[in-house]
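K.L.:
Pasting a structure here, questions to come.
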Amino acid sequence: MENPQGHIQARRLAFGFTALVIVAILAMESWQVWKAHQQEFRRAEVNATNVASAAAQHARDAVRQADALLVGLIERVEWDGIDKLQVERMRGLMKRQQRYLPQLHGLFIYDKDGNWLVTDKDHVPPGANNADREYFIHHREHADNDLYIGKVISSRSTGDLVIPVSRRINNPDGSFAGVALATLKVDYFVRFYDSFDVGDSGIIILALQDGTLLVRRPFLPESIGASLAKGLVFSELLREAPAGTAIFHGQVDGMERLFSYRQLADYPLVVETGIATRSITAPWLDQVARSAMVVVAMIVGLVLFAQALIRRIESGALAEEELRLAHDALEQLAMVDGLTGLANRRRLDAVLPIEANRARRQGAPLGIVMLDIDHFKRYNDRYGHPAGDQCIRAVAQVVGSFARRAGDLAARYGGEEMTLLLPNTSEAETRAVAEQVRLAVRELGIRHEGSDLGLVTLSAGIYAYIPVPNDNTPDSHLLRAADEALYSAKAAGRDRVHPPEDGAG
Ligand SMILES: Nc1nc2c(ncn2[C@@H]2O[C@H](COP(=O)(O)OP(=O)(O)OP(=O)(O)O)[C@@H](O)[C@H]2O)c(=O)[nH]1
């Protein structure tokens, strides 16, 4: 039969294995989730970088084309002399150029006082003067011939938001003669930026190098002209590298985004693309939710399976325990006499060699008493078999009550014959016990008309086995010796113990 300890171990093993599988599933799933998170961000980073590159290229092309125009116009103006400007011819030239450049809002030439000398526009506001414009002041006060890109302004000719791109016009002596200006439509950039997929809440920004915002997608009129100088890109990142990516909260709306930024090599412009981290994580979260459901289902299935397995192990353990108890009970029953409750013959046969060997080992005597109810056939015949059973039970109870010491055994030898096995008991002591049993049975006072005394009595034969060195007396001999003494007691008249104390038969 299996050890219950084994079941506890099997149960622990089932628990342990299930826990291990669950931990492994969770670890694998966590790793997958982490990897997917990394991938989503890498993909977003590549996307943001590509958009930033395209926006940078687009801005550079738009400005370069306008600048090329300005350089051509200035060359003409300076060659002809600003006082001798052929206004109509120049306007025609400007109009033609304008058609090829969709980003162009207008072309303008101002004299040294800011007066409009020529423009591609048909309508010139009366008394128009741009001497107050930032770009005009810049060129008047700076002798260099560099391109100047100014903050977004509202056009005086159309009201549109435009980015001024300008150069200084010099007199032959190098003194300030005026300004050539190209205005770029903010809308042109917004529309281009709208063509990119940067997710919900994604932004694309074009700004001056000092952080002044020129264009923003989505377009927020109030944000135009705002300064991003204190933002991470302008205050720190651009100082370290002209391009890169970073995650931070946007300055305008405070939303966390993954930003890719890039400073243009040729012009003082910076583009930034920002993809909201929540739109990066949204599909990932979807995936996490889906796989979490699968994992939960797997774990629930596993736990149910483990529970079923453990229940099976436990019910197996219970069944085995019941079986063991039943077996023990059967074993017990097999060793006990059903009528009297004394040990049965099988038990006596099992115990006798054990006690005989013990006696041999210890050199101690082993007392044996064989007891038999007198004239029991007559009792049965007179009172009936059930009453005979009752009588045997009563006598057996008396016999059993004399198995008092550890190792003593009272057994039903068969029929109405019983045996007392008394380890470590001398012949005299054995006789004394047998005598007490005999007297106790008489004292039961069971009527027996077929007996001389009119009472149930018994006869006893005793034998005390006293082992000698190298004794090889067979065990069967011990019982036989007691049985012969019993026969002798019967023959001598019954209701007595043989051999008697004085050795007389
Ligand atoms: N009621 C009952 N009778 C039994 C049982 N076992 C044996 N007997 C009877 O016991 C009687 C034994 O008779 P015998 O062995 O001839 O001897 P006896 O009548 O006891 O006479 P002595 O032993 O010579 O005194 C038989 O009639 C058996 O049937 C039992 O379990 N119950």
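In the structure tokens, chains take the letters A, B, ... in the order shown, each chain's residues start at 1, and ligands count up from 1 in the order shown.
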As JSON, numbers by chain, please: every residue in range 123-332 of chain A that a backbone DSSP assignment puts in alpha helix (DSSP H).
P.N.:
{"A": [134, 135, 136, 137, 138, 139, 140, 141, 186, 187, 188, 189, 190, 191, 192, 193, 194, 232, 238, 239, 240, 277, 278, 279, 280, 281, 282, 283, 284, 285, 286, 287, 288, 289, 290, 291, 292, 293, 294, 295, 296, 297, 298, 299, 300, 301, 302, 303, 304, 305, 306, 307, 308, 309, 310, 311, 312, 313, 314, 315, 316, 317, 318, 319, 320, 321, 322, 323, 324, 325, 326, 327, 328, 329, 330, 331, 332]}
K.L.:
So that I can check the surroundings of range 423-430 of chain A, please list as a compact mmCIF listing (two decimals) with N, CA and C atoms, in the first residue's frame every protein, DNA and RNA residue that reaches within 6 Å of it, counting only C-alpha atoms and ignoring chain neighbours fewer than 3 positions away.
P.N.:
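The new file part.txt reads:
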# COMPACT_ATOMS: atom_id res chain seq x y z
N ALA A 364 13.36 -18.43 29.28
CA ALA A 364 12.23 -18.30 30.21
C ALA A 364 11.18 -19.37 29.90
N PRO A 365 10.42 -19.80 30.89
CA PRO A 365 9.39 -20.82 30.63
C PRO A 365 8.19 -20.24 29.90
N LEU A 366 7.49 -21.10 29.14
CA LEU A 366 6.26 -20.68 28.44
C LEU A 366 5.15 -21.63 28.88
N GLY A 367 4.15 -21.06 29.60
CA GLY A 367 3.06 -21.89 30.10
C GLY A 367 1.95 -22.02 29.08
N VAL A 433 -2.97 -20.73 37.42
CA VAL A 433 -3.90 -19.98 36.54
C VAL A 433 -5.02 -20.91 36.08
N ALA A 464 4.31 -26.63 30.83
CA ALA A 464 5.21 -25.48 30.90
C ALA A 464 6.47 -25.84 30.11
K.L.:
Extract, using only C-alpha atoms, all DNA, RNA and protein residues at most 8 Å from range 252-260 of chain A, discarding same-chain residues fewer than 2 positions from it, and format them as a ChimeraX atom specification.
P.N.:
/A:44-45,48-49,52,202,223,243-250,262,272-278
K.L.:
Counting only C-alpha atoms and all ligand atoms, figure out which residue out of A:Tyr463, A:Val456, A:Pro500, A:Val441 gets nearest to ligand 1.
P.N.:
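Ranking A:Tyr463, A:Val456, A:Pro500, A:Val441 by distance to ligand 1, first place goes to A:Val456.
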K.L.:
Please return as a PyMOL selection string the residues found within 8 Å of ligand 1, counting only C-alpha atoms and all ligand atoms.
P.N.:
chain A and resi 339+372-381+384-392+414-416+458-459+490+494
K.L.:
Got a sec: who's within 6 Å of range 474-484 of chain A, counting only C-alpha atoms, leaving out chain neighbours fewer than 6 positions off, as a PyMOL selection string?
P.N.:
chain A and resi 370+461-463
K.L.:
Using only C-alpha atoms, find the one residue out of A:Gly150, A:Gly178, A:Gly72, A:Pro283 that sits nearest to Asp111 in chain A.
P.N.:
A:Gly178
K.L.:
Where in range 211-305 of chain A does DSSP assign strand (DSSP E), given as a PyMOL selection string?
P.N.:
chain A and resi 213-217+243-249+256-263+269-276
K.L.:
Rounded to one decimal place, report the CA of Asp349 in chain A-CA of Gly407 in chain A distance in Å.
P.N.:
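Taking CA of Asp349 in chain A as the start and CA of Gly407 in chain A as the end point, the length is 14.4 Å.
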K.L.:
Report the distance between CA of Arg64 in chain A and CA of Leu228 in chain A in Å, rounded to one decimal place.
P.N.:
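According to the coordinates, CA of Arg64 in chain A and CA of Leu228 in chain A are separated by 24.3 Å.
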K.L.:
Would you please work out which residue, of A:Leu302, A:Leu238, A:Ala68, A:Ala329, is nearest to Ile25 in chain A when using only C-alpha atoms?
P.N.:
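So, comparing all the options, the nearest one is A:Leu302.
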K.L.:
For each of A:Phe176, A:Tyr383, A:Tyr261, A:Trp116, take the minimum atom-to-atom distance to Pro242 in chain A, counting only C-alpha atoms, then give the residue where this is smallest.
P.N.:
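With only C-alpha atoms as the atom set, the closest residue is A:Tyr261.
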K.L.:
Could you give me, as a PyMOL selection string, the residues within 10 Å of range 128-141 of chain A, counting only C-alpha atoms and dropping anything in the same chain fewer than 2 positions from it?
P.N.:
chain A and resi 110-117+124-126+143-151+153+156-157+164-170+175-181
K.L.:
Out of A:Ser401, A:Thr119, A:Gln32, A:Asn344, which residue has the shortest atom-to-atom distance to Gln86 in chain A when counting only C-alpha atoms?
P.N.:
A:Thr119
K.L.:
List the spatial neighbours of Leu421 in chain A as a list in words - criterion: any atom at most 7 Å away, only C-alpha atoms, same-chain residues fewer than 5 positions off excluded.
P.N.:
Gly367, Ile368, Val369, Asp408, Leu409 and Ala410 of chain A
K.L.:
Write a file of the selected residues as a CSV table (one decimal), in the first residue's frame, keeping all heavy atoms.
P.N.:
chain,number,residue,atom,x,y,z
A,367,GLY,N,4.2,-21.1,29.6
A,367,GLY,CA,3.1,-21.9,30.1
A,367,GLY,C,2.0,-22.0,29.1
A,367,GLY,O,1.6,-21.0,28.4
A,368,ILE,N,1.4,-23.3,28.9
A,368,ILE,CA,0.3,-23.5,28.0
A,368,ILE,C,-0.8,-24.2,28.7
A,368,ILE,O,-0.5,-25.2,29.4
A,368,ILE,CB,0.8,-24.3,26.8
A,368,ILE,CG1,1.9,-23.6,26.0
A,368,ILE,CG2,-0.3,-24.6,25.8
A,368,ILE,CD1,2.7,-24.5,25.1
A,369,VAL,N,-2.0,-23.7,28.6
A,369,VAL,CA,-3.2,-24.4,29.2
A,369,VAL,C,-4.2,-24.7,28.1
A,369,VAL,O,-4.5,-23.8,27.3
A,369,VAL,CB,-3.8,-23.5,30.2
A,369,VAL,CG1,-5.0,-24.2,31.0
A,369,VAL,CG2,-2.8,-22.9,31.2
A,408,ASP,N,0.3,-12.5,27.2
A,408,ASP,CA,-0.6,-13.6,27.5
A,408,ASP,C,-1.6,-13.6,26.3
A,408,ASP,O,-2.0,-12.6,25.7
A,408,ASP,CB,-1.4,-13.3,28.8
A,408,ASP,CG,-0.6,-13.5,30.0
A,408,ASP,OD1,0.6,-13.9,29.9
A,408,ASP,OD2,-1.1,-13.3,31.1
A,409,LEU,N,-2.0,-14.8,25.9
A,409,LEU,CA,-3.0,-14.9,24.8
A,409,LEU,C,-4.0,-16.0,25.2
A,409,LEU,O,-3.7,-17.1,25.5
A,409,LEU,CB,-2.3,-15.3,23.5
A,409,LEU,CG,-3.2,-15.4,22.3
A,409,LEU,CD1,-3.5,-14.0,21.8
A,409,LEU,CD2,-2.5,-16.2,21.2
A,410,ALA,N,-5.3,-15.5,25.0
A,410,ALA,CA,-6.4,-16.5,25.2
A,410,ALA,C,-7.0,-16.8,23.8
A,410,ALA,O,-7.4,-15.8,23.1
A,410,ALA,CB,-7.5,-15.9,26.1
K.L.:
Measuring atom to atom with only C-alpha atoms, identify which of A:Ala432, A:Ala14, A:Asn47, A:Asp160 is nearest to Leu304 in chain A.
P.N.:
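Closest to Leu304 in chain A of all the choices is A:Ala14.
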K.L.:
Work out how far apart CA of Thr340 in chain A and CA of Ser488 in chain A are and give it in Å to one decimal.
P.N.:
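Between these atoms lies a distance of 25.9 Å.
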